[in-house]
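J.: Structure below; questions to follow.
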Amino acid sequence: MAEQYCKGCGALIQHENKTMPGYMPEKSSDYDAGKLVLCQRCFRLRNYADVITSSLTNDEYLTVIDKISKENALIVKIVDIFDFTGSFVPAIKRLTGNEDVILVGNKMDLLPKNVKPERILNWLKQMLAREGFTVLDSILISAKYGYNLDELMQLIDKYKGKRNVYIVGCSNVGKSKIVNQILKRYLGYPTDVITVSSSPGTTIGLIGFPLLDGTMIFDTPGVINKHQYTYYLTRPSYKITVPKKEIKPLVFQLNEGQTLFFGGLARLDIINGETGDRVNIVTYFANTLNIHRTKTIRADELYESKLYSLLTPPFNENEGVPKWVYHDFRIRDNLKYDIVFSGLGFVTIRAPFYIRAHAPFVVGIYARPAII
């Protein structure tokens with residue numbers, strides 16, 4: 001029998017090892033003519049919302065992505081606009097070996113509705129310039145609600161010529177959801193084809209579909225970025241920390257010596273407001289995440305006594321969240337900045353300020369020009 005690949009995740013179908021990607025029982029009826037071939041993992045994700053962890057090693061990922069570098073293709077790079085810093089992954093361009101890139105900022109639906117898309121797009125261009133990353137074009141979309149999908153397809157048609165199209169990006173930025181939208185809206189598919197899950201690493205291999213002009217569009221596995229919280233949370237914690245709908249910003253006025261806890265996952269201390277005034281902080285996190293204010297002098301004790309109760313998530317010590325470290329940020333100009341906890345959220349503060357941000361040592365914490 002010829003090799004077959006799961007149409008949900010791209011894994012090579014195999015019958016020997018239930019714990020490996022692509023497993024399917026040999027007697028599965030999914031081999032019947034006309035049926036969509038799905039591995040057991042994708043079948044259970046779709047029908048029972050089971051979470052069966054499976055991901056590529058770095059070597060396996062490079063083997064998959066190396067196929068793109070050998071081809072003259074159009075790259076559509078997806079970033080999560082809510083977590084741009086954590087999902088950008090500038091190495092994509094080097095990995096694919098391709099200069100022709102359209103940048104797509106997905107999940108615009110998470111930002112407050114009063115934020116103008118033009119402002120976000122200008123900010124995105126500013127961030128690209130800081131990274132020294134050039135693109136053919138850039139666009140903001142919401143794959144969830146279909147915002148700007150027509151405009152994205154127009155850009156793809158404008159730049160691709162007779163080339164194939166590869167959708168690339170970090171895990172959980174919405175690549176598979178975008179491809180499913182394209183298949184249903186423009187290619188006549190009646191329902192989702194690619195398996196979509198909140199769990200990272202759902203897509204295992206390249207999954208290709210023919211376009212109307214005979215070229216192909218491919219979904220690809222997500223780049224593994226272990227500086228994001230995503231990789232250290234259980235499913236219950238993940239559901240609370242990752243926003244699913246429009247963020248409702250919260251405003252705090254903090255004095256020196258005050259602290260904000262973001263669940264039991266991160267912490268922000270006001271060391272010095274520089275001017276002696278209160279520091280205004282606007283928080284952008286999932287609406288379900290508990291934010292707790294306390295005095296910095298009590299913060300360590302509170303964390304030790306209230307972790308897993310007042311300060312959740314995480315919900316238990318088995319989640320494996322690594323030991324915390326802190327990062328100091330002292331900025332003296334009069335501009336607004338975001339302090340980003342990669343994969344969790346960010347706070348916006350106007351300088352001058354001197355703050356201390358705490359998070360697990362593996363998690364990226366960054367300062368950047370304010371997005372809003």
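Residues in the structure tokens are named by chain (A, B, ... in the order shown) and by number from 1 within that chain; ligands are numbered from 1 in the order shown.
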At a cut-off of 10 Å, using only C-alpha atoms, what residues contact stretch 296-304 of chain A? Leave out same-chain residues fewer than 4 positions from it and give the result as a VMD selection string.

T.: chain A and resid 256 to 261 263 to 264 267 to 271 308 to 311

J.: Within 10 Å of stretch 322-340 of chain A, which residues of stretch 180-288 of chain A come that close, and what is the closest atom pair and distance in Å for each? Count only C-alpha atoms and give it as CSV.

T.:
```
residue,atom,partner,partner_atom,distance
A:Tyr232,CA,A:Pro322,CA,8.1
A:Leu265,CA,A:Trp324,CA,9.0
A:Ala266,CA,A:Trp324,CA,8.4
A:Arg267,CA,A:Tyr326,CA,8.9
A:Leu268,CA,A:Tyr326,CA,9.2
A:Asp269,CA,A:Asp328,CA,9.4
A:Ile271,CA,A:Asp328,CA,9.2
A:Asn272,CA,A:Arg330,CA,8.9
A:Gly273,CA,A:Arg330,CA,9.7
A:Glu274,CA,A:Arg332,CA,7.9
A:Thr275,CA,A:Arg332,CA,9.9
A:Ile281,CA,A:Asp338,CA,9.7
A:Val282,CA,A:Asp338,CA,9.3
A:Thr283,CA,A:Asp338,CA,9.4
A:Tyr284,CA,A:Val340,CA,9.6
```

J.: Pick the closest to A:Gly364 from A:Phe285, A:Tyr229, A:Phe252, A:Phe209: which is it, counting only C-alpha atoms?

T.: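 Ranked by minimum distance to A:Gly364, first place goes to A:Tyr229.
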
J.: Restrict the calculation to only C-alpha atoms, then for each residue of stretch 238-318 of chain A with any atom at most 12 Å from an atom of stretch 64-87 of chain A give the closest atom pair and their distance in Å to one decimal, rows by chain and rising residue number, as a tab-separated table.

T.:
```
residue	atom	partner	partner_atom	distance
A:Val242	CA	A:Phe82	CA	10.1
A:Pro243	CA	A:Phe82	CA	9.1
A:Lys244	CA	A:Phe82	CA	11.1
A:Lys245	CA	A:Phe82	CA	11.3
A:Glu246	CA	A:Phe82	CA	10.4
A:Ile247	CA	A:Phe82	CA	9.5
A:Tyr284	CA	A:Phe82	CA	8.9
A:Phe285	CA	A:Phe82	CA	9.4
A:Ala286	CA	A:Phe82	CA	10.5
```

J.: For A:Val89, please output as a VMD selection string all residues within 9 Å (counting only C-alpha atoms; exclusion window: fewer than 6 positions along the same chain).

T.: chain A and resid 79 169 to 170 223 225

J.: Taking the DSSP secondary structure from the backbone, can you list the residues of stretch 71-165 of chain A that are strand (DSSP E or B), as a list in words?

T.: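 Taking stretch 71-165 of chain A and keeping strand (DSSP E or B) only, one gets Leu74, Ile75, Val76, Lys77, Ile78, Val79, Asp80, Val101, Ile102, Leu103, Val104, Gly105, Asn106, Asp137, Ser138, Ile139, Leu140, Ser142, Tyr147 and Val165 of chain A.
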
J.: I need the residues in stretch 81-326 of chain A that are helix (DSSP H, G or I) according to DSSP; give them as an MDAnalysis selection string.

T.: chainID A and resid 81:87 91:96 108:110 117:131 149:160 175:186 229:232 235:241 296:306 317:319

J.: Kindly save the residues from that selection, with C-alpha atoms included, as a CSV table (one decimal), in the first residue's frame.

T.:
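Listed below is the output, part_11.csv:
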```csv
chain,number,residue,atom,x,y,z
A,81,ILE,CA,-0.7,40.2,17.1
A,82,PHE,CA,-1.5,39.8,20.8
A,83,ASP,CA,1.9,38.1,21.3
A,84,PHE,CA,3.9,39.5,18.4
A,85,THR,CA,7.2,39.4,20.3
A,86,GLY,CA,6.8,35.8,21.3
A,87,SER,CA,5.4,34.5,18.0
A,91,ALA,CA,14.7,32.6,12.1
A,92,ILE,CA,11.7,31.7,9.8
A,93,LYS,CA,13.3,33.6,6.9
A,94,ARG,CA,16.6,31.8,7.4
A,95,LEU,CA,15.0,28.4,7.8
A,96,THR,CA,12.9,28.7,4.6
A,108,MET,CA,-7.0,41.1,15.7
A,109,ASP,CA,-10.2,40.2,17.4
A,110,LEU,CA,-8.4,39.9,20.8
A,117,PRO,CA,-6.2,48.7,12.6
A,118,GLU,CA,-4.2,51.4,10.9
A,119,ARG,CA,-2.4,52.1,14.2
A,120,ILE,CA,-1.6,48.4,14.7
A,121,LEU,CA,-0.4,48.1,11.1
A,122,ASN,CA,1.9,51.1,11.5
A,123,TRP,CA,3.3,49.6,14.8
A,124,LEU,CA,3.8,46.3,13.0
A,125,LYS,CA,5.9,48.0,10.3
A,126,GLN,CA,7.9,49.8,13.0
A,127,MET,CA,8.6,46.4,14.7
A,128,LEU,CA,9.7,44.9,11.3
A,129,ALA,CA,12.1,47.7,10.8
A,130,ARG,CA,13.6,47.2,14.3
A,131,GLU,CA,14.1,43.5,13.4
A,149,LEU,CA,-9.6,37.2,4.5
A,150,ASP,CA,-10.6,38.5,1.0
A,151,GLU,CA,-7.8,41.1,1.2
A,152,LEU,CA,-5.3,38.3,2.2
A,153,MET,CA,-6.2,36.2,-0.8
A,154,GLN,CA,-5.8,39.2,-3.0
A,155,LEU,CA,-2.3,39.7,-1.7
A,156,ILE,CA,-1.5,36.0,-2.2
A,157,ASP,CA,-2.8,36.2,-5.8
A,158,LYS,CA,-0.8,39.4,-6.4
A,159,TYR,CA,2.5,37.9,-5.4
A,160,LYS,CA,2.5,34.2,-5.9
A,175,LYS,CA,-2.0,28.8,10.6
A,176,SER,CA,-4.4,25.8,10.4
A,177,LYS,CA,-7.5,27.9,11.0
A,178,ILE,CA,-6.4,30.3,8.2
A,179,VAL,CA,-5.9,27.4,5.8
A,180,ASN,CA,-9.3,25.9,6.8
A,181,GLN,CA,-10.9,29.3,6.1
A,182,ILE,CA,-9.3,29.5,2.7
A,183,LEU,CA,-10.4,26.0,1.8
A,184,LYS,CA,-14.0,26.7,2.8
A,185,ARG,CA,-14.4,30.2,1.4
A,186,TYR,CA,-12.5,30.0,-1.9
A,229,TYR,CA,4.3,30.0,28.7
A,230,THR,CA,2.3,27.7,26.3
A,231,TYR,CA,4.8,24.9,26.8
A,232,TYR,CA,4.7,24.7,30.6
A,235,ARG,CA,-4.8,22.1,29.7
A,236,PRO,CA,-6.9,23.7,32.6
A,237,SER,CA,-4.2,26.4,33.1
A,238,TYR,CA,-3.9,27.0,29.4
A,239,LYS,CA,-7.6,27.6,29.0
A,240,ILE,CA,-7.5,30.3,31.6
A,241,THR,CA,-4.3,32.1,30.4
A,296,THR,CA,6.1,44.2,47.5
A,297,ILE,CA,7.4,43.6,51.0
A,298,ARG,CA,4.7,40.9,51.3
A,299,ALA,CA,5.0,39.5,47.8
A,300,ASP,CA,7.4,36.6,48.5
A,301,GLU,CA,5.3,35.4,51.5
A,302,LEU,CA,2.1,35.7,49.6
A,303,TYR,CA,3.5,33.6,46.7
A,304,GLU,CA,4.7,30.9,49.1
A,305,SER,CA,1.4,30.7,51.0
A,306,LYS,CA,-1.2,31.4,48.2
A,317,GLU,CA,2.9,21.5,41.7
A,318,ASN,CA,2.8,18.9,39.0
A,319,GLU,CA,2.5,21.5,36.2
```

J.: Using only C-alpha atoms, which of A:Ile371, A:Leu38, A:Met216, A:Ile355 sits nearest A:Ala11?

T.: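 For A:Ala11, the nearest of the given residues is A:Leu38.
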
J.: List as an MDAnalysis selection string the protein and nucleic acid residues near A:Leu206, meaning an atom at most 10 Å away when only C-alpha atoms are counted, but skip any in the same chain fewer than 6 places from it.

T.: chainID A and resid 5:7 9:11 64:65 67:68 166:167 217:221

J.: At a cut-off of 7 Å, using only C-alpha atoms, what residues contact A:Met24? Leave out same-chain residues fewer than 2 positions from it and give the result as a ChimeraX atom specification.

T.: /A:13-15,22,26,28,39-40

J.: So that I have them on file, write out the residues from the current selection with C-alpha atoms, as a short mmCIF file (atom, residue, chain, number, x, y, z; two decimals), in the first residue's frame.

T.:
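Below you can see out33.cif, which holds the result:
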```
data_model
loop_
_atom_site.label_atom_id
_atom_site.label_comp_id
_atom_site.auth_asym_id
_atom_site.auth_seq_id
_atom_site.Cartn_x
_atom_site.Cartn_y
_atom_site.Cartn_z
CA ILE A 13 0.05 7.03 8.71
CA GLN A 14 1.49 4.08 10.66
CA HIS A 15 0.00 1.12 12.55
CA GLY A 22 0.23 9.19 12.57
CA GLU A 26 -5.14 -1.20 10.68
CA SER A 28 -9.93 1.64 10.55
CA CYS A 39 -4.86 9.45 12.36
CA GLN A 40 -6.27 8.36 15.71
#
```

J.: Counting only C-alpha atoms, which residue out of A:Phe346, A:Phe353, A:Tyr23, A:Phe262 sits closest to A:Pro314?

T.: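 Looking at the shortest contact to A:Pro314, the residue is A:Phe262.
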
J.: Quick one: of A:Arg368, A:Lys248, A:Arg356, A:Lys162, who's nearest to A:Asp213, counting only C-alpha atoms?

T.: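 Counting only C-alpha atoms, the residue closest to A:Asp213 is A:Lys162.
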
J.: Which is closest to A:Leu140 among A:Asn106, A:Gln253, A:Asn280, A:Asn114, if we use only C-alpha atoms?

T.: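 Going through A:Asn106, A:Gln253, A:Asn280, A:Asn114 one by one, the smallest distance to A:Leu140 is for A:Asn106.
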
J.: Hey, can you check how far atom CA of A:Leu45 sits from atom CA of A:Gly208?

T.: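 Separation of atom CA of A:Leu45 and atom CA of A:Gly208: 20.4 Å.
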
J.: Quick check, in Å to one decimal: how far apart do atom CA of A:Asn255 and atom CA of A:Leu111 lie?

T.: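 That distance, rounded to one decimal, is 27.4 Å.
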
J.: Point out the residue among A:Gln228, A:Ser142, A:Asn164, A:Asn98 with the least atom-to-atom distance to A:Leu344, counting only C-alpha atoms.

T.: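 Going through A:Gln228, A:Ser142, A:Asn164, A:Asn98 one by one, the smallest distance to A:Leu344 is for A:Gln228.
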